[in-house]
file run_12.txt (compact mmCIF, C-alpha atoms and all ligand atoms)
# COMPACT_ATOMS: atom_id res chain seq x y z
CA MET A 20 17.98 3.71 3.10
CA ASN A 21 17.96 1.99 6.44
CA HIS A 22 15.55 2.46 9.30
CA ASP A 23 17.69 5.00 11.21
CA SER A 24 17.33 8.06 9.05
CA LYS A 25 13.92 7.77 7.46
CA SER A 26 10.74 9.65 7.99
CA LEU A 27 7.82 10.19 5.66
CA ARG A 28 5.87 13.41 5.26
CA CYS A 29 2.14 12.63 4.98
CA GLY A 30 0.45 16.00 4.59
CA LYS A 31 0.30 17.69 7.99
CA ARG A 32 1.91 14.74 9.76
CA VAL A 33 5.37 13.22 9.72
CA LEU A 34 5.57 9.48 10.15
CA GLY A 35 8.74 8.29 11.85
CA LEU A 36 10.14 5.21 10.14
CA SER A 37 12.88 4.31 12.59
CA ARG A 38 10.72 1.22 13.16
CA PRO A 39 8.53 -0.35 10.48
CA GLN A 40 4.95 0.92 10.51
CA VAL A 41 1.72 -0.90 9.78
CA MET A 42 -0.83 0.23 7.17
CA GLY A 43 -4.25 -1.34 7.77
CA ILE A 44 -6.37 -2.22 4.73
CA LEU A 45 -9.91 -0.86 4.57
CA ASN A 46 -11.77 -2.08 1.49
CA VAL A 47 -14.95 -0.16 0.71
CA THR A 48 -16.06 -2.34 -2.19
CA PRO A 49 -19.55 -3.90 -2.27
CA ASP A 50 -18.19 -7.34 -1.35
CA SER A 51 -16.77 -5.97 1.93
CA PHE A 52 -18.93 -4.78 4.85
CA SER A 53 -22.08 -5.79 3.00
CA ASP A 54 -25.19 -7.26 4.57
CA GLY A 55 -25.14 -10.03 1.99
CA GLY A 56 -27.03 -7.90 -0.49
CA HIS A 57 -25.96 -4.62 -2.06
CA HIS A 58 -26.16 -2.57 1.09
CA PHE A 59 -22.84 -1.25 2.34
CA ARG A 60 -22.58 -0.99 6.13
CA TRP A 61 -20.83 2.29 6.90
CA GLN A 62 -20.74 1.72 10.61
CA ASP A 63 -19.01 -1.65 10.19
CA ALA A 64 -16.33 -0.03 8.03
CA LEU A 65 -15.76 2.72 10.61
CA ASP A 66 -15.67 0.18 13.45
CA HIS A 67 -13.06 -1.76 11.52
CA ALA A 68 -10.96 1.38 11.00
CA ASP A 69 -11.32 2.16 14.73
CA ALA A 70 -10.14 -1.33 15.64
CA MET A 71 -7.12 -1.10 13.34
CA VAL A 72 -6.13 2.27 14.85
CA GLN A 73 -6.43 0.87 18.39
CA GLN A 74 -4.31 -2.11 17.33
CA GLY A 75 -1.50 0.19 16.23
CA ALA A 76 -2.00 0.96 12.55
CA ALA A 77 -0.16 4.19 11.69
CA ILE A 78 -1.97 4.46 8.34
CA ILE A 79 -5.41 3.36 7.11
CA ASP A 80 -5.48 2.59 3.37
CA ILE A 81 -8.96 3.10 1.93
CA GLY A 82 -9.74 1.49 -1.43
CA GLY A 83 -12.93 1.52 -3.50
CA GLU A 84 -11.73 -0.22 -6.67
CA SER A 85 -11.44 -4.00 -6.66
CA THR A 86 -8.25 -5.09 -8.42
CA ARG A 87 -9.15 -8.77 -8.52
CA PRO A 88 -8.99 -10.29 -12.00
CA GLY A 89 -12.55 -10.34 -13.35
CA ALA A 90 -13.84 -7.78 -10.85
CA ALA A 91 -16.42 -5.36 -12.20
CA THR A 92 -14.95 -2.03 -13.28
CA VAL A 93 -16.08 0.82 -11.14
CA SER A 94 -17.13 4.19 -12.52
CA SER A 95 -15.29 7.27 -11.33
CA GLN A 96 -18.40 8.56 -9.56
CA GLN A 97 -19.03 5.21 -7.84
CA GLU A 98 -15.47 5.18 -6.55
CA LEU A 99 -15.85 8.73 -5.20
CA ASP A 100 -19.17 7.83 -3.56
CA ARG A 101 -17.63 4.81 -1.86
CA VAL A 102 -14.38 6.32 -0.62
CA LEU A 103 -15.03 9.98 0.23
CA PRO A 104 -17.67 9.56 2.98
CA VAL A 105 -15.53 6.93 4.73
CA LEU A 106 -12.41 9.08 4.42
CA GLU A 107 -14.25 12.09 5.81
CA ALA A 108 -15.57 10.12 8.78
CA ILE A 109 -12.17 8.61 9.58
CA THR A 110 -10.25 11.89 9.41
CA ALA A 111 -12.88 13.46 11.70
CA ARG A 112 -12.72 10.65 14.28
CA PHE A 113 -9.16 9.34 14.41
CA ASP A 114 -5.72 10.86 14.63
CA THR A 115 -4.23 8.63 11.98
CA VAL A 116 -2.84 9.07 8.50
CA CYS A 117 -5.33 8.14 5.79
CA SER A 118 -4.11 6.78 2.48
CA VAL A 119 -6.35 6.41 -0.56
CA ASP A 120 -5.77 3.46 -2.91
CA THR A 121 -6.77 4.86 -6.30
CA SER A 122 -5.70 5.53 -9.89
CA ASN A 123 -8.44 8.12 -10.35
CA PRO A 124 -7.16 11.72 -10.56
CA VAL A 125 -10.52 13.19 -9.52
CA LEU A 126 -10.55 11.09 -6.36
CA MET A 127 -6.91 12.01 -5.68
CA CYS A 128 -7.79 15.74 -5.63
CA GLU A 129 -10.95 15.30 -3.54
CA ALA A 130 -9.23 12.96 -1.08
CA VAL A 131 -6.43 15.41 -0.41
CA ARG A 132 -8.99 18.17 0.20
CA LEU A 133 -10.60 15.95 2.84
CA GLY A 134 -7.28 15.41 4.59
CA ALA A 135 -5.75 12.27 3.07
CA GLY A 136 -2.03 12.15 3.90
CA MET A 137 -1.01 9.64 1.26
CA LEU A 138 -2.01 8.61 -2.26
CA ASN A 139 -1.40 4.98 -3.16
CA ASP A 140 -1.66 4.11 -6.86
CA ILE A 141 -1.11 0.55 -8.11
CA ARG A 142 -0.65 2.16 -11.57
CA ALA A 143 2.14 4.43 -10.31
CA PHE A 144 0.28 7.63 -11.30
CA GLN A 145 0.63 6.81 -15.00
CA ARG A 146 -3.00 7.26 -16.08
CA PRO A 147 -3.81 10.49 -17.91
CA ASP A 148 -4.02 13.36 -15.40
CA ALA A 149 -3.00 11.16 -12.44
CA GLU A 150 0.57 12.40 -12.50
CA ALA A 151 -0.56 16.04 -12.47
CA ALA A 152 -3.05 15.36 -9.67
CA ALA A 153 -0.43 13.56 -7.57
CA LEU A 154 2.14 16.28 -8.19
CA ASP A 155 -0.28 18.98 -7.09
CA ALA A 156 -1.22 16.98 -3.98
CA ALA A 157 2.42 16.42 -3.06
CA GLN A 158 3.53 20.01 -3.66
CA ARG A 159 0.57 21.96 -2.31
CA HIS A 160 -0.47 19.65 0.53
CA GLY A 161 2.71 17.71 1.26
CA VAL A 162 1.07 14.33 0.83
CA ALA A 163 3.13 11.18 0.35
CA LEU A 164 2.93 9.24 -2.91
CA CYS A 165 3.20 5.46 -3.01
CA ILE A 166 4.48 4.32 -6.40
CA MET A 167 3.78 0.64 -7.13
CA HIS A 168 5.10 -1.60 -9.88
CA MET A 169 2.64 -3.64 -11.94
CA GLN A 170 3.13 -5.51 -15.22
CA GLY A 171 -0.06 -5.28 -17.29
CA GLU A 172 -3.48 -4.42 -15.88
CA PRO A 173 -5.43 -6.26 -13.16
CA ALA A 174 -7.65 -7.95 -15.78
CA ASN A 175 -4.71 -9.66 -17.55
CA MET A 176 -1.66 -9.26 -15.32
CA GLN A 177 -1.41 -12.89 -14.20
CA THR A 178 -1.83 -14.37 -17.70
CA ALA A 179 1.86 -14.61 -18.63
CA PRO A 180 4.07 -12.38 -16.50
CA HIS A 181 7.53 -12.19 -18.04
CA TYR A 182 10.85 -10.66 -17.01
CA GLN A 183 14.52 -11.11 -17.90
CA ASN A 184 15.46 -10.08 -14.36
CA VAL A 185 12.48 -9.22 -12.22
CA VAL A 186 14.44 -7.56 -9.40
CA GLN A 187 16.41 -5.29 -11.73
CA GLU A 188 13.39 -4.41 -13.87
CA VAL A 189 11.09 -3.61 -10.95
CA ARG A 190 13.81 -1.56 -9.28
CA ALA A 191 14.62 0.36 -12.49
CA PHE A 192 10.95 1.18 -13.05
CA LEU A 193 10.39 2.39 -9.47
CA ILE A 194 13.57 4.47 -9.32
CA SER A 195 12.82 6.08 -12.68
CA ARG A 196 9.27 6.94 -11.66
CA ALA A 197 10.40 8.33 -8.28
CA SER A 198 13.23 10.30 -9.91
CA ARG A 199 10.71 11.89 -12.24
CA PHE A 200 8.65 13.08 -9.27
CA GLU A 201 11.83 14.37 -7.61
CA GLN A 202 12.76 16.30 -10.75
CA LEU A 203 9.29 17.83 -10.75
CA GLY A 204 9.93 19.02 -7.18
CA VAL A 205 8.65 16.31 -4.81
CA PRO A 206 11.19 15.57 -2.06
CA ALA A 207 12.28 11.97 -1.52
CA THR A 208 10.82 12.23 2.01
CA GLN A 209 7.34 12.15 0.40
CA LEU A 210 7.95 9.18 -1.91
CA VAL A 211 7.37 5.49 -1.21
CA LEU A 212 8.34 2.60 -3.51
CA ASP A 213 6.43 -0.68 -3.68
CA PRO A 214 7.41 -3.75 -5.76
CA GLY A 215 3.73 -4.69 -6.11
CA PHE A 216 3.62 -8.29 -4.91
CA GLY A 217 1.19 -10.31 -7.01
CA PHE A 218 0.72 -7.62 -9.65
CA GLY A 219 1.91 -9.27 -12.88
CA LYS A 220 4.32 -11.67 -11.16
CA ASP A 221 4.44 -15.46 -10.86
CA LEU A 222 5.50 -17.28 -7.68
CA ALA A 223 9.22 -17.23 -8.55
CA HIS A 224 9.06 -13.52 -9.43
CA ASN A 225 7.32 -12.69 -6.14
CA TYR A 226 9.82 -14.63 -4.02
CA ALA A 227 12.81 -13.21 -5.91
CA LEU A 228 11.48 -9.75 -5.04
CA LEU A 229 10.94 -10.66 -1.39
CA ARG A 230 14.37 -12.30 -1.12
CA GLU A 231 16.15 -9.34 -2.75
CA LEU A 232 14.20 -6.51 -1.11
CA VAL A 233 17.40 -4.84 0.12
CA GLN A 234 18.04 -3.83 -3.47
CA LEU A 235 15.05 -1.51 -3.06
CA THR A 236 15.39 -0.57 0.60
CA GLN A 237 19.01 0.54 0.18
CA GLN A 238 17.89 3.40 -2.07
CA ARG A 239 16.93 6.83 -0.72
CA PHE A 240 13.17 6.12 -0.59
CA ALA A 241 10.92 4.44 1.93
CA VAL A 242 9.58 1.06 0.78
CA LEU A 243 6.12 -0.42 1.31
CA ALA A 244 5.27 -4.11 0.94
CA GLY A 245 1.79 -5.61 0.54
CA LEU A 246 2.06 -9.34 1.18
CA SER A 247 -0.94 -9.96 3.45
CA ARG A 248 -3.00 -13.04 2.49
CA LYS A 249 -1.80 -12.92 -1.12
CA SER A 250 -1.61 -15.93 -3.46
CA MET A 251 2.18 -16.11 -3.05
CA ILE A 252 1.54 -16.98 0.61
CA GLY A 253 -1.36 -19.31 -0.20
CA ALA A 254 0.69 -21.20 -2.80
CA VAL A 255 3.45 -22.00 -0.30
CA VAL A 256 1.34 -22.86 2.76
CA ASN A 257 -1.38 -24.40 0.59
CA ARG A 258 -4.23 -22.70 2.41
CA PRO A 259 -7.27 -20.62 1.44
CA ILE A 260 -7.33 -16.87 1.94
CA ASP A 261 -8.80 -16.94 5.47
CA GLN A 262 -6.00 -19.24 6.74
CA ARG A 263 -2.97 -17.32 5.62
CA LEU A 264 -2.21 -15.29 8.75
CA SER A 265 0.86 -17.25 9.90
CA GLY A 266 2.38 -17.23 6.44
CA SER A 267 1.62 -13.53 6.06
CA LEU A 268 3.32 -12.74 9.37
CA ALA A 269 6.45 -14.62 8.32
CA ALA A 270 6.53 -12.65 5.07
CA ALA A 271 5.96 -9.33 6.87
CA VAL A 272 8.85 -9.97 9.29
CA LEU A 273 11.17 -11.06 6.46
CA ALA A 274 10.31 -7.89 4.54
CA ALA A 275 10.81 -5.64 7.58
CA GLU A 276 14.12 -7.36 8.36
CA ARG A 277 15.20 -6.43 4.82
CA GLY A 278 14.47 -2.76 5.51
CA VAL A 279 10.84 -2.29 4.44
CA SER A 280 9.29 0.66 6.31
CA ILE A 281 5.55 0.10 5.80
CA LEU A 282 3.65 -3.21 5.82
CA ARG A 283 0.21 -3.12 4.20
CA VAL A 284 -1.85 -5.74 6.03
CA HIS A 285 -5.32 -7.01 6.91
CA ASP A 286 -4.34 -8.31 10.37
CA VAL A 287 -3.00 -5.29 12.22
CA ALA A 288 -2.76 -6.60 15.81
CA ALA A 289 -0.90 -9.76 14.85
CA THR A 290 1.49 -7.89 12.54
CA VAL A 291 2.26 -5.26 15.20
CA ASP A 292 3.20 -8.07 17.64
CA ALA A 293 5.37 -9.85 15.07
CA LEU A 294 7.19 -6.60 14.26
CA LYS A 295 7.78 -5.92 17.97
CA VAL A 296 9.75 -9.16 18.19
CA LEU A 297 11.81 -8.21 15.14
CA ASP A 298 12.40 -4.75 16.60
CA TYR A 299 13.68 -6.26 19.83
CA VAL A 300 16.09 -8.49 17.94
CA LEU A 301 17.41 -5.60 15.87
CA ARG A 302 17.70 -3.24 18.82
CA PRO A 303 21.27 -2.87 20.15
CA ALA A 304 21.72 -4.94 23.33
CA GLN A 305 21.30 -2.82 26.48
C1 LIG B 1 -0.02 -3.63 -2.72
O1 LIG B 1 0.62 -4.68 -2.66
N1 LIG B 1 -2.37 -4.54 -3.07
S1 LIG B 1 -5.05 -4.66 -3.51
C2 LIG B 1 -5.10 -10.66 -3.40
C3 LIG B 1 -5.14 -11.33 -2.18
C4 LIG B 1 -5.02 -10.63 -1.00
C5 LIG B 1 -4.85 -9.26 -1.03
C6 LIG B 1 -5.48 -13.44 -3.22
N2 LIG B 1 -3.37 -2.56 -3.21
C7 LIG B 1 -1.43 -3.58 -2.92
O2 LIG B 1 -4.44 -6.51 -1.22
N3 LIG B 1 -1.39 -1.17 -2.88
C8 LIG B 1 -3.53 -3.90 -3.25
O3 LIG B 1 -5.33 -12.68 -2.09
C9 LIG B 1 -2.05 -2.35 -3.00
N4 LIG B 1 0.61 -2.42 -2.62
C10 LIG B 1 -0.06 -1.23 -2.69
N5 LIG B 1 0.65 -0.10 -2.57
C11 LIG B 1 -4.69 -6.42 -3.56
C12 LIG B 1 -4.64 -7.11 -2.26
C13 LIG B 1 -4.80 -8.58 -2.25
C14 LIG B 1 -4.93 -9.29 -3.43

call {"tool": "encode", "arguments": {"input": "run_12.txt", "output": "structure tokens", "more": "lines below"}}
Ligand code: YH5
result
Amino acid sequence: MNHDSKSLRCGKRVLGLSRPQVMGILNVTPDSFSDGGHHFRWQDALDHADAMVQQGAAIIDIGGESTRPGAATVSSQQELDRVLPVLEAITARFDTVCSVDTSNPVLMCEAVRLGAGMLNDIRAFQRPDAEAAALDAAQRHGVALCIMHMQGEPANMQTAPHYQNVVQEVRAFLISRASRFEQLGVPATQLVLDPGFGFGKDLAHNYALLRELVQLTQQRFAVLAGLSRKSMIGAVVNRPIDQRLSGSLAAAVLAAERGVSILRVHDVAATVDALKVLDYVLRPAQ
């Protein structure tokens, strides 16, 4: 699908996708917004969400499970305790769509009750009960579902990623998963596909997916890309994680130019500016 015709239902709201939209990342893990110890600073997290909304984020993606290789596994209750209070505060304060980054079916149900407009699962709703929870959320509350491709699990996914044809395999997986949700009654206007940059892919796999994104964006679903600060940027520019903004902006613009509708990013203001330039180039001359 191209940018002209798309919109995404996110619960009570409809997000127009005639221009690419920005999803701001809000991590609520102990290593973010901490005071150096184990104390999580709620106000800092809310201030950060506020800033991202002011900068033009259409969606705030709240995540309480670290997917870094070697990261401590989080219990279901811990994840609920981290995410739900922040979600509740954000939906009360800001007129923005909230997405919850989780594979936990209990959190999916609770998040939708508190007004989340999108569920974002790096495991594509394949864990036991996650599919049923996502289906219920989509059908009863109209929330959008973001289906991401990953090979393996975060703990081992970068060990030896292997594909015959990464673009075809990722596309086939995503289309089959989305078609299943459609058959179960979820309209395509509530489904988002994501190739899952960095999730069980080496550098060549990641760049093949970025190069060939039109193979995903030409389907009938909206596409989301998460490229911000990832290793595939760091490997090319040869810079640590806090110096990857320029590379991330280049990747975001290249993805949007290939028809991606939602960019999941850390740096909202800079990405919004970069996308404005792309939008002006793509706009018919007046
Ligand atoms: C994604 O792509 N990613 S969490 C490593 C980094 C920087 C950032 C080494 N959740 C995605 O953001 N959900 C995450 O530098 C996601 N798509 C969707 N839908 C990983 C992350 C990151 C990892």

call {"tool": "residues_around", "arguments": {"input": "run_12.txt", "residues": "Arg87 of chain A", "least_positions_apart": "4", "cutoff": "9 Å", "atoms": "only C-alpha atoms", "output": "mmCIF file with C-alpha atoms, in the coordinates of the input"}}
result
data_model
loop_
_atom_site.group_PDB
_atom_site.id
_atom_site.type_symbol
_atom_site.label_atom_id
_atom_site.label_comp_id
_atom_site.auth_asym_id
_atom_site.auth_seq_id
_atom_site.Cartn_x
_atom_site.Cartn_y
_atom_site.Cartn_z
ATOM 1 C CA ALA A 91 -16.420 -5.360 -12.200
ATOM 2 C CA PRO A 173 -5.430 -6.260 -13.160
ATOM 3 C CA ALA A 174 -7.650 -7.950 -15.780
#

call {"tool": "closest_residue", "arguments": {"input": "run_12.txt", "among": "A:Ala153, A:Val242, A:Ala191, A:Val255", "to": "ligand LIG 1 (chain B)", "atoms": "all atoms listed in the file"}}
result
A:Val242

call {"tool": "closest_atom_pairs", "arguments": {"input": "run_12.txt", "of": "segment 173-290 of chain A", "to": "segment 61-74 of chain A", "cutoff": "9 Å", "atoms": "only C-alpha atoms", "output": "JSON lines"}}
result
{"residue": "A:His285", "atom": "CA", "partner": "A:Met71", "partner_atom": "CA", "distance": 8.9}
{"residue": "A:Asp286", "atom": "CA", "partner": "A:Met71", "partner_atom": "CA", "distance": 8.3}
{"residue": "A:Val287", "atom": "CA", "partner": "A:Met71", "partner_atom": "CA", "distance": 6.0}
{"residue": "A:Ala288", "atom": "CA", "partner": "A:Gln74", "partner_atom": "CA", "distance": 5.0}
{"residue": "A:Ala289", "atom": "CA", "partner": "A:Gln74", "partner_atom": "CA", "distance": 8.7}

call {"tool": "write_last_selection", "arguments": {"input": "run_12.txt", "atoms": "C-alpha atoms", "output": "JSON list (two decimals), in the frame of the given file"}}
result
[["chain", "number", "residue", "atom", "x", "y", "z"],
["A", 285, "HIS", "CA", -5.32, -7.01, 6.91],
["A", 286, "ASP", "CA", -4.34, -8.31, 10.37],
["A", 287, "VAL", "CA", -3.00, -5.29, 12.22],
["A", 288, "ALA", "CA", -2.76, -6.60, 15.81],
["A", 289, "ALA", "CA", -0.90, -9.76, 14.85]]

call {"tool": "residues_around", "arguments": {"input": "run_12.txt", "residues": "segment 266-273 of chain A", "least_positions_apart": "5", "cutoff": "8 Å", "atoms": "all atoms listed in the file", "output": "mmCIF file with C-alpha atoms, in the coordinates of the input"}}
result
data_model
loop_
_atom_site.group_PDB
_atom_site.id
_atom_site.type_symbol
_atom_site.label_atom_id
_atom_site.label_comp_id
_atom_site.auth_asym_id
_atom_site.auth_seq_id
_atom_site.Cartn_x
_atom_site.Cartn_y
_atom_site.Cartn_z
ATOM 1 C CA LEU A 229 10.940 -10.660 -1.390
ATOM 2 C CA ALA A 244 5.270 -4.110 0.940
ATOM 3 C CA LEU A 246 2.060 -9.340 1.180
ATOM 4 C CA SER A 247 -0.940 -9.960 3.450
ATOM 5 C CA ARG A 248 -3.000 -13.040 2.490
ATOM 6 C CA LYS A 249 -1.800 -12.920 -1.120
ATOM 7 C CA ILE A 252 1.540 -16.980 0.610
ATOM 8 C CA GLY A 253 -1.360 -19.310 -0.200
ATOM 9 C CA VAL A 256 1.340 -22.860 2.760
ATOM 10 C CA LEU A 282 3.650 -3.210 5.820
ATOM 11 C CA ALA A 289 -0.900 -9.760 14.850
ATOM 12 C CA THR A 290 1.490 -7.890 12.540
ATOM 13 C CA ALA A 293 5.370 -9.850 15.070
ATOM 14 C CA LEU A 294 7.190 -6.600 14.260
ATOM 15 C CA LEU A 297 11.810 -8.210 15.140
#

call {"tool": "closest_residue", "arguments": {"input": "run_12.txt", "among": "A:Asp221, A:Glu107, A:Asp80, A:Glu129", "to": "ligand LIG 1 (chain B)", "atoms": "all atoms listed in the file"}}
result
A:Asp80

call {"tool": "residues_near_ligand", "arguments": {"input": "run_12.txt", "ligand": "ligand LIG 1 (chain B)", "cutoff": "8 Å", "atoms": "only C-alpha atoms and all ligand atoms", "output": "PyMOL selection string"}}
result
chain A and resi 44+82+85-87+120+139-141+165-167+213-218+243-250+253+260+283-284

call {"tool": "residues_around", "arguments": {"input": "run_12.txt", "residues": "Phe59 of chain A", "least_positions_apart": "4", "cutoff": "9 Å", "atoms": "only C-alpha atoms", "output": "list in words"}}
result
Val47, Thr48, Pro49, Asp50, Ser51, Phe52, Ser53, Asp54, Asp63 and Ala64 of chain A

call {"tool": "decode", "arguments": {"input": "run_12.txt", "residues": "segment 123-180 of chain A", "atoms": "C-alpha atoms", "output": "short mmCIF file (atom, residue, chain, number, x, y, z; two decimals), in the first residue's frame"}}
result
data_model
loop_
_atom_site.label_atom_id
_atom_site.label_comp_id
_atom_site.auth_asym_id
_atom_site.auth_seq_id
_atom_site.Cartn_x
_atom_site.Cartn_y
_atom_site.Cartn_z
CA ASN A 123 2.63 -10.78 27.85
CA PRO A 124 -1.08 -11.56 27.35
CA VAL A 125 -2.02 -10.33 30.83
CA LEU A 126 -0.41 -6.96 30.16
CA MET A 127 -2.10 -6.81 26.73
CA CYS A 128 -5.56 -7.11 28.35
CA GLU A 129 -4.82 -4.64 31.15
CA ALA A 130 -3.22 -2.13 28.79
CA VAL A 131 -6.22 -2.08 26.50
CA ARG A 132 -8.51 -1.51 29.50
CA LEU A 133 -6.41 1.55 30.39
CA GLY A 134 -6.76 2.95 26.89
CA ALA A 135 -3.79 1.66 24.88
CA GLY A 136 -4.50 2.06 21.16
CA MET A 137 -1.88 -0.36 19.89
CA LEU A 138 -0.21 -3.59 20.97
CA ASN A 139 3.34 -4.12 19.71
CA ASP A 140 4.74 -7.63 20.11
CA ILE A 141 8.27 -8.51 18.96
CA ARG A 142 7.10 -12.16 19.14
CA ALA A 143 4.19 -11.51 16.77
CA PHE A 144 1.57 -12.65 19.32
CA GLN A 145 2.81 -16.25 19.14
CA ARG A 146 3.22 -16.95 22.87
CA PRO A 147 0.50 -19.05 24.48
CA ASP A 148 -2.60 -16.89 25.05
CA ALA A 149 -1.08 -13.83 23.34
CA GLU A 150 -2.95 -14.44 20.12
CA ALA A 151 -6.28 -14.71 21.96
CA ALA A 152 -5.53 -11.59 24.01
CA ALA A 153 -4.57 -9.60 20.89
CA LEU A 154 -7.62 -10.83 19.01
CA ASP A 155 -9.94 -9.79 21.82
CA ALA A 156 -8.25 -6.38 22.06
CA ALA A 157 -8.53 -5.82 18.30
CA GLN A 158 -12.14 -6.96 18.01
CA ARG A 159 -13.66 -5.53 21.18
CA HIS A 160 -11.62 -2.34 21.47
CA GLY A 161 -10.43 -1.74 17.91
CA VAL A 162 -6.78 -1.58 18.86
CA ALA A 163 -4.05 -1.91 16.25
CA LEU A 164 -1.66 -4.87 16.33
CA CYS A 165 1.97 -4.55 15.30
CA ILE A 166 3.31 -7.91 14.13
CA MET A 167 7.11 -8.10 14.12
CA HIS A 168 9.42 -10.70 12.62
CA MET A 169 12.17 -12.21 14.78
CA GLN A 170 14.34 -15.28 14.21
CA GLY A 171 15.02 -16.99 17.55
CA GLU A 172 14.64 -15.31 20.94
CA PRO A 173 16.42 -12.18 22.22
CA ALA A 174 18.85 -14.31 24.28
CA ASN A 175 20.20 -16.19 21.21
CA MET A 176 18.91 -14.39 18.13
CA GLN A 177 22.24 -12.88 17.05
CA THR A 178 24.24 -16.11 17.46
CA ALA A 179 23.90 -17.42 13.89
CA PRO A 180 21.02 -15.83 12.01
#
